[in-house]
file work12.txt (compact mmCIF, C-alpha atoms)
# COMPACT_ATOMS: atom_id res chain seq x y z
CA MET A 7 -1.96 -10.04 9.21
CA THR A 8 -5.43 -9.26 10.38
CA SER A 9 -7.74 -12.07 11.27
CA GLN A 10 -10.64 -10.56 9.32
CA ILE A 11 -10.89 -10.05 5.59
CA GLY A 12 -13.90 -7.78 5.30
CA VAL A 13 -15.99 -10.22 7.34
CA ALA A 14 -17.90 -9.67 10.55
CA SER A 15 -20.21 -11.39 12.94
CA THR A 16 -23.74 -11.79 11.67
CA THR A 17 -24.98 -10.09 14.84
CA ALA A 18 -23.38 -6.76 13.98
CA THR A 19 -25.51 -3.65 13.47
CA PRO A 20 -25.25 -1.15 10.59
CA THR A 21 -23.62 1.40 12.87
CA ASP A 22 -20.79 -0.98 13.60
CA HIS A 23 -19.98 -2.51 10.22
CA THR A 24 -20.18 -1.88 6.49
CA ALA A 25 -22.75 -3.38 4.15
CA THR A 26 -20.15 -5.82 2.92
CA GLU A 27 -19.53 -7.17 6.36
CA LEU A 28 -23.24 -7.65 6.95
CA SER A 29 -23.53 -9.80 3.82
CA LEU A 30 -20.69 -12.13 4.72
CA SER A 31 -20.31 -15.05 7.07
CA PRO A 32 -17.64 -15.26 9.78
CA SER A 33 -14.13 -14.88 8.45
CA LEU A 34 -11.49 -17.50 7.85
CA LEU A 35 -8.99 -18.15 10.60
CA PRO A 36 -5.67 -16.29 10.28
CA SER A 37 -3.89 -19.56 9.49
CA GLU A 38 -6.36 -20.26 6.67
CA VAL A 39 -5.84 -16.79 5.26
CA ARG A 40 -2.06 -17.25 5.28
CA ARG A 41 -2.40 -20.64 3.61
CA GLY A 42 -4.78 -19.23 1.00
CA LEU A 43 -2.45 -16.36 0.15
CA MET A 44 0.53 -18.68 -0.25
CA ILE A 45 -1.40 -21.17 -2.40
CA SER A 46 -2.56 -18.32 -4.62
CA ILE A 47 1.02 -17.25 -5.25
CA TRP A 48 1.99 -20.72 -6.46
CA GLU A 49 -1.24 -21.13 -8.39
CA GLY A 50 -0.51 -17.85 -10.18
CA ALA A 51 2.95 -19.07 -11.14
CA ILE A 52 1.64 -22.32 -12.67
CA ALA A 53 -1.39 -20.72 -14.29
CA ASN A 54 0.88 -18.12 -15.85
CA VAL A 55 2.60 -20.85 -17.86
CA HIS A 56 -0.70 -21.40 -19.63
CA ILE A 57 -1.63 -17.71 -19.79
CA SER A 58 1.69 -16.49 -21.16
CA ILE A 59 1.88 -19.16 -23.87
CA THR A 60 -1.73 -19.13 -25.07
CA GLY A 61 -2.43 -15.45 -24.53
CA ALA A 62 -5.49 -16.28 -22.44
CA LEU A 63 -5.35 -12.73 -21.02
CA GLY A 64 -4.42 -10.04 -23.48
CA GLY A 65 -2.87 -12.14 -26.23
CA SER A 66 0.65 -13.40 -26.83
CA VAL A 67 3.18 -13.68 -29.62
CA PHE A 68 2.29 -17.38 -29.94
CA LEU A 69 -1.44 -16.67 -30.27
CA SER A 70 -0.74 -14.11 -33.01
CA GLY A 71 1.72 -16.45 -34.71
CA PHE A 72 -0.72 -19.37 -34.59
CA ALA A 73 -3.42 -17.20 -36.16
CA LEU A 74 -0.98 -16.18 -38.90
CA LEU A 75 -0.12 -19.86 -39.46
CA LEU A 76 -3.82 -20.54 -40.01
CA GLY A 77 -3.95 -17.70 -42.58
CA ALA A 78 -5.28 -14.71 -40.58
CA ASN A 79 -5.08 -11.23 -42.13
CA ASN A 80 -4.71 -7.86 -40.33
CA PHE A 81 -8.43 -7.49 -39.68
CA GLN A 82 -8.61 -10.99 -38.22
CA ILE A 83 -5.59 -10.24 -36.02
CA GLY A 84 -7.61 -7.28 -34.75
CA LEU A 85 -10.47 -9.67 -34.09
CA LEU A 86 -8.15 -11.54 -31.71
CA GLY A 87 -8.09 -8.40 -29.58
CA ALA A 88 -11.88 -8.15 -29.72
CA LEU A 89 -12.66 -11.76 -28.76
CA PRO A 90 -11.97 -11.31 -25.03
CA PHE A 91 -15.20 -9.28 -24.96
CA ILE A 92 -17.01 -12.62 -24.95
CA GLY A 93 -15.40 -13.26 -21.58
CA GLN A 94 -16.85 -10.01 -20.26
CA LEU A 95 -20.36 -11.14 -21.21
CA PHE A 96 -19.94 -14.47 -19.45
CA GLN A 97 -18.90 -12.67 -16.27
CA PHE A 98 -22.56 -11.85 -15.70
CA LEU A 99 -23.33 -15.56 -15.56
CA SER A 100 -20.51 -15.94 -13.04
CA ALA A 101 -21.85 -13.06 -10.93
CA TYR A 102 -25.35 -14.57 -10.99
CA LEU A 103 -24.07 -17.98 -9.91
CA GLU A 104 -22.03 -16.37 -7.15
CA ALA A 105 -25.04 -14.44 -5.84
CA ARG A 106 -27.34 -17.46 -5.92
CA PHE A 107 -25.05 -20.25 -4.71
CA ALA A 108 -22.21 -18.42 -2.88
CA ASN A 109 -19.47 -20.80 -4.03
CA ARG A 110 -16.76 -18.93 -5.90
CA ARG A 111 -14.17 -21.68 -5.70
CA THR A 112 -16.35 -24.09 -7.70
CA ILE A 113 -16.96 -21.44 -10.37
CA VAL A 114 -13.25 -20.66 -10.68
CA LEU A 115 -12.14 -24.28 -10.64
CA TYR A 116 -14.40 -25.72 -13.31
CA SER A 117 -14.74 -22.75 -15.64
CA ALA A 118 -10.99 -22.02 -15.67
CA LEU A 119 -10.11 -25.66 -16.25
CA ALA A 120 -12.66 -26.08 -19.03
CA GLY A 121 -11.61 -22.82 -20.71
CA ARG A 122 -7.95 -23.77 -20.66
CA LEU A 123 -8.57 -27.31 -21.90
CA VAL A 124 -10.05 -25.87 -25.12
CA TRP A 125 -6.42 -25.57 -26.19
CA ALA A 126 -6.13 -29.34 -26.31
CA PHE A 127 -8.50 -29.10 -29.28
CA LEU A 128 -7.01 -25.95 -30.84
CA LEU A 129 -3.51 -27.40 -31.08
CA CYS A 130 -4.89 -30.14 -33.34
CA LEU A 131 -6.32 -27.76 -35.97
CA PRO A 132 -3.31 -27.63 -38.34
CA PHE A 133 -3.32 -31.43 -38.60
CA THR A 134 -7.00 -31.86 -39.51
CA GLY A 135 -6.55 -31.30 -43.23
CA TRP A 136 -9.59 -29.02 -43.27
CA PRO A 137 -9.64 -26.01 -45.65
CA PRO A 138 -7.88 -22.92 -44.18
CA ALA A 139 -11.13 -20.96 -44.02
CA TRP A 140 -12.70 -23.71 -41.92
CA GLN A 141 -9.70 -23.89 -39.63
CA LEU A 142 -9.80 -20.13 -39.01
CA THR A 143 -13.54 -20.16 -38.38
CA ILE A 144 -13.30 -23.04 -35.91
CA PHE A 145 -10.26 -21.40 -34.30
CA PHE A 146 -12.17 -18.20 -33.57
CA ILE A 147 -15.28 -20.03 -32.35
CA ALA A 148 -13.33 -22.31 -29.98
CA LEU A 149 -11.21 -19.40 -28.78
CA GLY A 150 -14.41 -17.52 -28.05
CA PHE A 151 -15.64 -20.39 -25.86
CA SER A 152 -12.30 -20.35 -24.05
CA TYR A 153 -12.53 -16.63 -23.39
CA GLY A 154 -16.11 -17.01 -22.16
CA LEU A 155 -15.22 -19.69 -19.62
CA ASN A 156 -12.09 -17.83 -18.52
CA GLY A 157 -14.21 -14.72 -18.08
CA MET A 158 -16.46 -16.58 -15.67
CA ALA A 159 -13.43 -17.74 -13.72
CA GLY A 160 -11.87 -14.28 -13.66
CA ASN A 161 -14.95 -12.60 -12.22
CA ALA A 162 -15.35 -15.08 -9.39
CA TRP A 163 -11.58 -15.04 -8.72
CA MET A 164 -11.49 -11.25 -8.36
CA SER A 165 -14.39 -11.36 -5.92
CA TRP A 166 -12.74 -14.23 -4.00
CA MET A 167 -9.37 -12.46 -3.73
CA SER A 168 -11.03 -9.16 -2.77
CA ASP A 169 -12.25 -10.90 0.38
CA LEU A 170 -9.16 -13.02 0.99
CA VAL A 171 -6.44 -10.34 0.76
CA PRO A 172 -6.47 -7.72 3.58
CA PRO A 173 -7.22 -4.30 2.01
CA ASN A 174 -4.15 -2.66 3.55
CA ARG A 175 -1.91 -5.36 2.03
CA ARG A 176 -3.29 -5.55 -1.51
CA GLY A 177 -0.54 -3.45 -3.04
CA SER A 178 2.35 -5.36 -1.51
CA TYR A 179 0.71 -8.81 -1.79
CA PHE A 180 -0.16 -8.54 -5.46
CA GLY A 181 3.26 -7.01 -6.07
CA VAL A 182 4.84 -10.21 -4.75
CA ARG A 183 2.32 -12.46 -6.53
CA ASN A 184 2.88 -10.66 -9.83
CA THR A 185 6.64 -10.97 -9.36
CA VAL A 186 6.45 -14.74 -8.97
CA ALA A 187 4.05 -14.94 -11.91
CA GLY A 188 6.48 -12.81 -13.91
CA ILE A 189 9.31 -15.25 -13.28
CA SER A 190 7.06 -18.04 -14.52
CA ALA A 191 6.15 -16.02 -17.62
CA MET A 192 9.80 -15.26 -18.38
CA VAL A 193 10.87 -18.87 -18.28
CA SER A 194 7.86 -20.30 -20.10
CA VAL A 195 7.71 -17.68 -22.86
CA TYR A 196 11.41 -17.83 -23.68
CA ALA A 197 11.49 -21.63 -23.56
CA ALA A 198 8.41 -21.78 -25.78
CA GLY A 199 10.02 -19.34 -28.22
CA LEU A 200 13.18 -21.43 -28.44
CA ALA A 201 11.14 -24.59 -28.94
CA LEU A 202 9.03 -23.03 -31.66
CA ASP A 203 12.06 -21.68 -33.52
CA HIS A 204 13.62 -25.16 -33.33
CA PHE A 205 10.60 -26.67 -35.06
CA ARG A 206 10.31 -23.80 -37.58
CA THR A 207 13.87 -24.28 -38.83
CA ARG A 208 12.93 -27.90 -39.57
CA GLY A 209 9.77 -26.96 -41.44
CA ALA A 210 7.54 -28.28 -38.64
CA GLU A 211 5.98 -25.11 -37.23
CA ALA A 212 2.60 -26.76 -36.61
CA GLN A 213 4.27 -29.48 -34.52
CA GLY A 214 6.03 -26.74 -32.54
CA TYR A 215 2.73 -25.12 -31.65
CA ALA A 216 1.33 -28.52 -30.63
CA VAL A 217 4.23 -28.97 -28.20
CA ILE A 218 4.06 -25.56 -26.51
CA PHE A 219 0.26 -25.56 -26.31
CA GLY A 220 0.39 -29.09 -24.91
CA VAL A 221 2.64 -27.82 -22.10
CA ALA A 222 0.09 -25.06 -21.48
CA VAL A 223 -2.69 -27.64 -21.11
CA LEU A 224 -0.64 -29.57 -18.54
CA ALA A 225 -0.13 -26.35 -16.58
CA ALA A 226 -3.91 -25.88 -16.54
CA PHE A 227 -4.28 -29.16 -14.63
CA GLY A 228 -1.61 -28.10 -12.12
CA ALA A 229 -3.31 -24.77 -11.47
CA ALA A 230 -6.66 -26.54 -10.99
CA LEU A 231 -5.20 -28.78 -8.27
CA LEU A 232 -4.07 -25.71 -6.31
CA ILE A 233 -7.35 -23.84 -6.78
CA ALA A 234 -9.17 -26.82 -5.29
CA ARG A 235 -7.04 -26.50 -2.11
CA GLN A 236 -7.29 -22.72 -1.64
CA PRO A 237 -9.57 -21.54 1.20
CA GLU A 238 -12.48 -19.28 0.32
CA PRO A 239 -13.93 -16.70 2.73
CA PRO A 240 -17.56 -17.78 3.09
CA ILE A 241 -20.38 -15.60 1.76
CA THR A 242 -24.14 -16.03 1.94
CA PRO A 243 -26.43 -16.26 -1.10
CA ARG A 244 -28.30 -13.04 -1.93
CA PRO A 245 -31.95 -12.85 -2.94
CA TRP A 246 -32.70 -12.38 -6.64
CA ASN A 247 -34.37 -9.01 -7.27
CA GLY A 248 -34.49 -9.14 -11.05
CA VAL A 249 -32.14 -8.41 -13.92
CA GLY A 250 -32.59 -4.65 -13.70
CA ALA A 251 -31.44 -4.35 -10.12
CA PHE A 252 -28.65 -6.82 -10.75
CA LEU A 253 -27.22 -4.81 -13.66
CA VAL A 254 -27.94 -1.20 -12.67
CA GLU A 255 -27.58 -1.03 -8.91
CA PRO A 256 -23.74 -1.16 -8.75
CA LEU A 257 -23.43 1.79 -11.15
CA ARG A 258 -25.40 3.97 -8.74
CA ASP A 259 -22.30 4.03 -6.58
CA ALA A 260 -20.66 7.28 -7.72
CA ALA A 261 -17.04 6.27 -7.08
CA PHE A 262 -17.47 2.98 -8.89
CA GLY A 263 -19.29 4.59 -11.82
CA ARG A 264 -16.57 7.20 -12.35
CA PHE A 265 -13.82 4.61 -12.14
CA THR A 266 -15.61 2.35 -14.62
CA ALA A 267 -15.92 5.22 -17.11
CA LEU A 268 -12.23 6.01 -16.68
CA ALA A 269 -11.15 2.40 -17.21
CA THR A 270 -13.40 2.07 -20.27
CA ALA A 271 -11.76 5.10 -21.87
CA TRP A 272 -8.36 3.57 -21.12
CA ALA A 273 -9.48 0.32 -22.79
CA LEU A 274 -10.41 2.27 -25.92
CA VAL A 275 -7.06 4.05 -26.01
CA THR A 276 -4.91 0.96 -25.52
CA GLY A 277 -7.11 -1.55 -27.36
CA ILE A 278 -6.70 0.12 -30.74
CA ALA A 279 -3.06 -0.99 -30.91
CA ALA A 280 -2.60 -3.81 -28.38
CA PRO A 281 -3.41 -6.78 -30.69
CA PHE A 282 -0.95 -5.64 -33.34
CA PHE A 283 2.43 -5.26 -31.64
CA ASN A 284 3.38 -8.92 -31.93
CA ALA A 285 2.03 -9.20 -35.47
CA TYR A 286 4.09 -6.12 -36.40
CA GLY A 287 7.20 -7.71 -34.92
CA LEU A 288 6.67 -10.93 -36.84
CA THR A 289 5.88 -9.26 -40.18
CA ALA A 290 7.34 -5.75 -40.47
CA LEU A 291 10.39 -6.34 -38.25
CA ARG A 292 10.78 -10.01 -39.29
CA LEU A 293 11.75 -11.12 -35.79
CA ASP A 294 12.18 -14.75 -34.78
CA PHE A 295 9.78 -16.09 -32.17
CA SER A 296 12.58 -16.56 -29.66
CA LEU A 297 13.82 -12.99 -30.13
CA LEU A 298 10.33 -11.54 -29.86
CA ALA A 299 9.70 -13.71 -26.81
CA LEU A 300 12.98 -12.47 -25.34
CA THR A 301 11.70 -8.88 -25.46
CA GLY A 302 8.85 -10.05 -23.25
CA VAL A 303 11.30 -11.79 -20.95
CA VAL A 304 13.19 -8.52 -20.55
CA THR A 305 9.95 -6.74 -19.66
CA ASN A 306 9.09 -9.38 -17.08
CA ALA A 307 12.61 -9.32 -15.65
CA VAL A 308 12.40 -5.57 -15.05
CA ALA A 309 8.88 -5.98 -13.67
CA LEU A 310 10.22 -8.45 -11.10
CA PHE A 311 11.79 -5.49 -9.35
CA PHE A 312 9.17 -2.83 -10.05
CA SER A 313 5.99 -4.83 -9.27
CA PRO A 314 6.74 -5.07 -5.52
CA LEU A 315 8.01 -1.48 -5.55
CA VAL A 316 4.87 0.00 -7.10
CA GLY A 317 2.77 -2.12 -4.75
CA TRP A 318 4.59 -0.61 -1.79
CA LEU A 319 4.27 2.88 -3.27
CA MET A 320 0.52 2.42 -3.73
CA ASP A 321 0.08 1.31 -0.14
CA ARG A 322 2.11 4.30 1.06
CA TYR A 323 1.20 7.16 -1.30
CA GLY A 324 -2.11 6.07 -2.80
CA TYR A 325 -3.20 5.11 -6.29
CA ARG A 326 -3.67 8.55 -7.84
CA LEU A 327 -0.02 9.57 -7.96
CA VAL A 328 1.46 6.15 -8.78
CA VAL A 329 -1.04 5.19 -11.49
CA THR A 330 -0.92 8.61 -13.17
CA VAL A 331 2.88 8.64 -13.30
CA CYS A 332 2.88 5.13 -14.75
CA VAL A 333 0.28 6.09 -17.40
CA ILE A 334 2.52 8.99 -18.44
CA GLY A 335 5.42 6.55 -18.62
CA THR A 336 3.55 4.35 -21.13
CA VAL A 337 3.05 7.23 -23.61
CA PRO A 338 6.36 6.93 -25.54
CA LEU A 339 6.59 3.13 -25.41
CA PRO A 340 5.07 2.45 -28.87
CA LEU A 341 7.86 4.57 -30.39
CA GLY A 342 10.23 1.67 -29.80
CA TRP A 343 8.30 -0.40 -32.34
CA ILE A 344 8.00 2.46 -34.83
CA LEU A 345 11.68 3.40 -34.73
CA SER A 346 12.96 -0.18 -34.95
CA THR A 347 13.93 -1.81 -38.24
CA PRO A 348 14.78 -5.42 -39.11
CA ASP A 349 18.45 -4.44 -38.82
CA ASN A 350 18.19 -2.34 -35.65
CA ILE A 351 15.84 -3.16 -32.79
CA VAL A 352 17.63 -1.16 -30.08
CA PRO A 353 14.55 1.09 -29.70
CA LEU A 354 12.43 -2.03 -29.15
CA TRP A 355 14.77 -3.19 -26.38
CA LEU A 356 14.30 0.20 -24.67
CA THR A 357 10.53 -0.23 -24.96
CA SER A 358 10.82 -3.68 -23.40
CA ILE A 359 12.82 -2.32 -20.46
CA PHE A 360 10.55 0.62 -19.71
CA SER A 361 7.41 -1.49 -20.18
CA GLY A 362 8.61 -3.44 -17.15
CA VAL A 363 8.93 -0.17 -15.24
CA PHE A 364 5.56 1.43 -16.00
CA TRP A 365 3.01 -1.24 -16.98
CA PRO A 366 3.05 -3.01 -13.57
CA GLY A 367 1.87 0.21 -11.95
CA VAL A 368 -0.98 0.65 -14.43
CA ASN A 369 -2.25 -2.94 -14.44
CA GLN A 370 -1.78 -3.55 -10.75
CA GLY A 371 -3.30 -0.19 -9.89
CA LEU A 372 -6.42 -0.76 -11.97
CA SER A 373 -6.96 -4.21 -10.44
CA ASN A 374 -6.55 -2.93 -6.90
CA LEU A 375 -8.79 0.08 -7.57
CA LEU A 376 -11.49 -2.26 -8.86
CA MET A 377 -11.31 -4.29 -5.66
CA GLU A 378 -11.49 -1.08 -3.64
CA ARG A 379 -14.27 0.71 -5.50
CA ALA A 380 -16.60 -2.15 -6.43
CA PRO A 381 -19.62 -1.95 -4.08
CA ALA A 382 -18.79 -4.76 -1.71
CA GLU A 383 -22.36 -5.97 -1.18
CA GLN A 384 -22.65 -6.49 -4.97
CA ARG A 385 -19.03 -7.22 -5.78
CA GLY A 386 -19.57 -9.99 -8.30
CA ALA A 387 -22.17 -8.04 -10.30
CA ALA A 388 -20.11 -4.84 -10.10
CA MET A 389 -17.02 -6.56 -11.44
CA ALA A 390 -19.05 -8.12 -14.24
CA ILE A 391 -20.42 -4.71 -15.25
CA PHE A 392 -16.93 -3.23 -15.08
CA SER A 393 -15.56 -5.99 -17.29
CA LEU A 394 -18.48 -5.67 -19.71
CA LEU A 395 -17.96 -1.95 -20.27
CA THR A 396 -14.16 -2.08 -20.42
CA GLY A 397 -14.40 -5.15 -22.64
CA LEU A 398 -16.81 -3.30 -24.92
CA GLY A 399 -14.23 -0.54 -25.17
CA THR A 400 -11.54 -3.05 -26.10
CA LEU A 401 -13.88 -4.72 -28.62
CA ILE A 402 -14.67 -1.46 -30.40
CA ALA A 403 -11.04 -0.35 -30.35
CA SER A 404 -9.70 -3.68 -31.62
CA LEU A 405 -12.19 -3.88 -34.48
CA ALA A 406 -11.50 -0.27 -35.39
CA GLY A 407 -7.77 -0.91 -35.21
CA GLY A 408 -8.12 -3.97 -37.44
CA ALA A 409 -10.06 -1.97 -40.03
CA VAL A 410 -7.57 0.92 -39.94
CA GLY A 411 -4.61 -1.47 -40.06
CA GLN A 412 -6.08 -3.26 -43.07
CA ALA A 413 -6.82 0.04 -44.82
CA MET A 414 -3.31 1.36 -44.11
CA THR A 415 -1.57 -1.67 -45.62
CA GLY A 416 0.99 -0.30 -48.07
CA VAL A 417 0.20 3.32 -47.12
CA THR A 418 2.90 5.64 -45.74
CA VAL A 419 2.14 8.77 -43.70
CA ALA A 420 4.59 11.53 -42.74
CA LEU A 421 4.00 13.05 -39.29
CA GLY A 422 6.67 15.72 -39.22
CA PRO A 423 10.02 13.93 -38.96
CA LEU A 424 8.25 10.66 -38.17
CA VAL A 425 7.27 8.44 -41.10
CA VAL A 426 4.87 5.59 -40.36
CA SER A 427 3.10 2.99 -42.44
CA GLY A 428 0.65 0.15 -41.99
CA LEU A 429 0.12 -1.01 -38.43
CA ALA A 430 2.53 1.61 -37.08
CA THR A 431 -0.25 4.18 -37.65
CA LEU A 432 -2.14 2.56 -34.78
CA PHE A 433 0.86 2.99 -32.50
CA VAL A 434 0.77 6.76 -33.06
CA LEU A 435 -2.95 6.84 -32.28
CA THR A 436 -2.53 5.02 -28.97
CA MET A 437 0.29 7.38 -27.94
CA MET A 438 -1.95 10.39 -28.52
CA GLY A 439 -4.76 8.82 -26.53
CA ARG A 440 -2.48 7.97 -23.61
CA ILE A 441 -1.47 11.63 -23.29
CA VAL A 442 -5.12 12.59 -22.85
CA MET A 443 -5.73 9.74 -20.42
CA ALA A 444 -2.87 10.80 -18.14
CA GLY A 445 -4.79 13.98 -17.32
CA ALA A 446 -8.03 12.03 -16.92
CA PHE A 447 -6.46 9.65 -14.40
CA TRP A 448 -5.08 12.53 -12.34
CA ARG A 449 -8.46 14.31 -12.21
CA MET A 450 -10.74 11.32 -11.75
CA LEU A 451 -8.74 9.47 -9.10
CA ALA A 452 -8.81 12.55 -6.88
CA ARG A 453 -12.55 12.06 -6.30
call {"tool": "encode", "arguments": {"input": "work12.txt", "output": "C-alpha cells"}}
result
Amino acid sequence: MTSQIGVASTTATPTDHTATELSLSPSLLPSEVRRGLMISIWEGAIANVHISITGALGGSVFLSGFALLLGANNFQIGLLGALPFIGQLFQFLSAYLEARFANRRTIVLYSALAGRLVWAFLLCLPFTGWPPAWQLTIFFIALGFSYGLNGMAGNAWMSWMSDLVPPNRRGSYFGVRNTVAGISAMVSVYAAGLALDHFRTRGAEAQGYAVIFGVAVLAAFGAALLIARQPEPPITPRPWNGVGAFLVEPLRDAAFGRFTALATAWALVTGIAAPFFNAYGLTALRLDFSLLALTGVVTNAVALFFSPLVGWLMDRYGYRLVVTVCVIGTVPLPLGWILSTPDNIVPLWLTSIFSGVFWPGVNQGLSNLLMERAPAEQRGAAMAIFSLLTGLGTLIASLAGGAVGQAMTGVTVALGPLVVSGLATLFVLTMMGRIVMAGAFWRMLAR
C-alpha cells in the first residue's frame, strides 16, 4: 500500500504534481490509511442493513411493499424511483460545504445519520389513524427529506473515498468491500422478509414493517459510530468564485463530460423499469415477501464471488472491456420477470443468478470511473453535477415509466412470440435501451 493517496507536499511545483495534489494537504500515514480502509469495510456492512431494508439507494422490495400498504398506485410507485433525484440536488450543498470548510467526515456523519433516522418517523405512519391520502403525502415528503440528506452524505463520501483508496487498488478494494456489504444485505433482506411474512400471516403487516424498519434505524446508529472513527485525508478550503464557476467548470473537462453524458443515458435506460420490478413481483407474480427477498439473496450470493473478480479484472484489463461486457450481460435479465408466472418462477431465479454475475461489474465500474474521471481539484462539485444529471435522467425515466405503466394497466401487447401486459411493457423497453447502450459504452470508454 502506498503511503500517499493523491496527496503531496505543499511545496511541490506544477511540473512535479497534479492539480489535485496541489490542492491537498499532506497525506495520512500508511497506518491511518489501512485503518480507514478496514473501518470503511465494516461501516459498509452495517450501513447496508439499513440500505437494503429501507431502499435508501435504489429502492427495495420493502419500500415498494410499504408504499403499496399505504395505498400507492402504479404512478406513485414510479414516483418512488424519481424521488432520489432530490438527493442529487442536495449534493450541490454538500459540495459547497466541502469546498468552504474542508471537512467531509462531518458532512457524511450528520447528514447520513439524520437521513436514516427519518425512518423512525416513517415506520409510525400506519398507526397514526390519518386518512390514506395524508399518509401517502407525508410518506413521500419525509422520504424526500431522507433522500436529500443521504445525497449530501453520498457526495462527500465519494470524494472522501476517492482520496483514501489508492487509485491502483480501487477495483480490488471496492470488490472486497462490496462483497462484505453483499453478505450483510443477504442476511438482513432475507431475515426481514421472513419477519414480514410472519406478521402478514397474522394480519399485522404494519407491525412487521415497524419491526424491520426499527432494525434499520438501529443499524444507522452503528454505522455513524464507525464513520466518526474513520480517518479522512485532509484537504484545504477552496476560494468561492461564484455559482457559475462552481457548476460549469468541471464539465469543461472533456473526459468527465463524456462520461457524465454516457452515465445519464444509462440512467434513462435503466430508470424506466427499475422501480417496478418488485411491485410486479408482489402484484402480477403474487410472490411472498420472503420469496421475493430470497431472489435478492441469490443475487447477492453470486455477487460475493463476482464482485472481487470484476474488481481484479478492472485493475488488470481496464474498465472499457469489463463494463461493456457486463452491460451486454444485463440485456436479457428483464426476460426472467416477463417469462415467470405465479406457478413458475424458474426464469426469475435465472435472472437473480445472472444479476449477481453482471450488475457488480456495471455498478462498480461506474463508481470507479467517476472517481477516476472527476476533475480532482473540483471533485466534490464534479460529483454533484454528475449525480444531478444522472439523477435527472432517472427522474424523467421513472416518471415516464410510471405514466406508461399506469396507461398499460389491463392492456396486452404481442411482440412476436412474446406477449406482455402492464408493467412488463417497461421491461421490454429497458432491454431495447440496454442493447443500444452496450455500443455506447464500448465507443465512449475508449476515449
call {"tool": "closest_residue", "arguments": {"input": "work12.txt", "among": "A:Ile113, A:Leu76, A:Ile334, A:Ala382", "to": "Pro137 (chain A)", "atoms": "all atoms listed in the file"}}
result
A:Leu76
call {"tool": "residues_around", "arguments": {"input": "work12.txt", "residues": "Ala118 (chain A)", "least_positions_apart": "2", "cutoff": "10 Å", "atoms": "all atoms listed in the file", "output": "NGL selection string"}}
result
:A and (53 or 112-116 or 120-123 or 152-160 or 163 or 226-227 or 229-230 or 233)
call {"tool": "closest_residue", "arguments": {"input": "work12.txt", "among": "A:Ala105, A:Leu129, A:Ala280, A:Leu451", "to": "Ala403 (chain A)", "atoms": "only C-alpha atoms"}}
result
A:Ala280
call {"tool": "atom_distance", "arguments": {"input": "work12.txt", "atom1": "CA of Gly277 (chain A)", "atom2": "CA of Thr400 (chain A)"}}
result
4.8 Å
call {"tool": "residues_near_point", "arguments": {"input": "work12.txt", "point": "(10.6, -6.7, -38.1)", "cutoff": "10 Å", "atoms": "only C-alpha atoms", "output": "PDB file with C-alpha atoms, in the coordinates of the input"}}
result
ATOM      1  CA  ASN A 284       3.380  -8.920 -31.930  1.00  0.00           C
ATOM      2  CA  ALA A 285       2.030  -9.200 -35.470  1.00  0.00           C
ATOM      3  CA  TYR A 286       4.090  -6.120 -36.400  1.00  0.00           C
ATOM      4  CA  GLY A 287       7.200  -7.710 -34.920  1.00  0.00           C
ATOM      5  CA  LEU A 288       6.670 -10.930 -36.840  1.00  0.00           C
ATOM      6  CA  THR A 289       5.880  -9.260 -40.180  1.00  0.00           C
ATOM      7  CA  ALA A 290       7.340  -5.750 -40.470  1.00  0.00           C
ATOM      8  CA  LEU A 291      10.390  -6.340 -38.250  1.00  0.00           C
ATOM      9  CA  ARG A 292      10.780 -10.010 -39.290  1.00  0.00           C
ATOM     10  CA  LEU A 293      11.750 -11.120 -35.790  1.00  0.00           C
ATOM     11  CA  ASP A 294      12.180 -14.750 -34.780  1.00  0.00           C
ATOM     12  CA  LEU A 298      10.330 -11.540 -29.860  1.00  0.00           C
ATOM     13  CA  TRP A 343       8.300  -0.400 -32.340  1.00  0.00           C
ATOM     14  CA  SER A 346      12.960  -0.180 -34.950  1.00  0.00           C
ATOM     15  CA  THR A 347      13.930  -1.810 -38.240  1.00  0.00           C
ATOM     16  CA  PRO A 348      14.780  -5.420 -39.110  1.00  0.00           C
ATOM     17  CA  ASP A 349      18.450  -4.440 -38.820  1.00  0.00           C
ATOM     18  CA  ASN A 350      18.190  -2.340 -35.650  1.00  0.00           C
ATOM     19  CA  ILE A 351      15.840  -3.160 -32.790  1.00  0.00           C
TER      20      ILE A 351
END
call {"tool": "residues_around", "arguments": {"input": "work12.txt", "residues": "region 169-177 of chain A", "least_positions_apart": "4", "cutoff": "7 Å", "atoms": "all atoms listed in the file", "output": "number ranges by chain"}}
result
A: 11-12, 39, 165, 181, 239, 317-318, 320-321, 374
call {"tool": "residues_around", "arguments": {"input": "work12.txt", "residues": "Ala108 (chain A)", "least_positions_apart": "6", "cutoff": "8 Å", "atoms": "only C-alpha atoms", "output": "list in words"}}
result
Pro240, Ile241, Thr242 and Pro243 of chain A
call {"tool": "residues_around", "arguments": {"input": "work12.txt", "residues": "Leu401 (chain A)", "least_positions_apart": "2", "cutoff": "8 Å", "atoms": "all atoms listed in the file", "output": "PyMOL selection string"}}
result
chain A and resi 87-91+277+397-399+403-405
call {"tool": "atom_distance", "arguments": {"input": "work12.txt", "atom1": "CA of Gly422 (chain A)", "atom2": "CA of Val352 (chain A)"}}
result
22.1 Å
call {"tool": "residues_around", "arguments": {"input": "work12.txt", "residues": "Thr431 (chain A)", "least_positions_apart": "3", "cutoff": "12 Å", "atoms": "only C-alpha atoms", "output": "PyMOL selection string"}}
result
chain A and resi 278-279+282-283+286+340-341+343-344+407-421+424-428+434-438
call {"tool": "atom_distance", "arguments": {"input": "work12.txt", "atom1": "CA of Phe364 (chain A)", "atom2": "CA of Leu300 (chain A)"}}
result
18.3 Å
call {"tool": "closest_residue", "arguments": {"input": "work12.txt", "among": "A:Leu224, A:Leu95, A:Leu74, A:Leu372", "to": "Ala269 (chain A)", "atoms": "all atoms listed in the file"}}
result
A:Leu372
call {"tool": "closest_residue", "arguments": {"input": "work12.txt", "among": "A:Gly93, A:Pro381, A:Gly263, A:Gly209", "to": "Ala62 (chain A)", "atoms": "all atoms listed in the file"}}
result
A:Gly93
call {"tool": "residues_near_point", "arguments": {"input": "work12.txt", "point": "(9.3, -3.8, -10.2)", "cutoff": "12 Å", "atoms": "only C-alpha atoms", "output": "ChimeraX atom specification"}}
result
/A:178,180-186,188-189,305-319,332,359-368,370
call {"tool": "closest_residue", "arguments": {"input": "work12.txt", "among": "A:Arg235, A:Pro245, A:Gln97, A:Glu38", "to": "Ala390 (chain A)", "atoms": "all atoms listed in the file"}}
result
A:Gln97
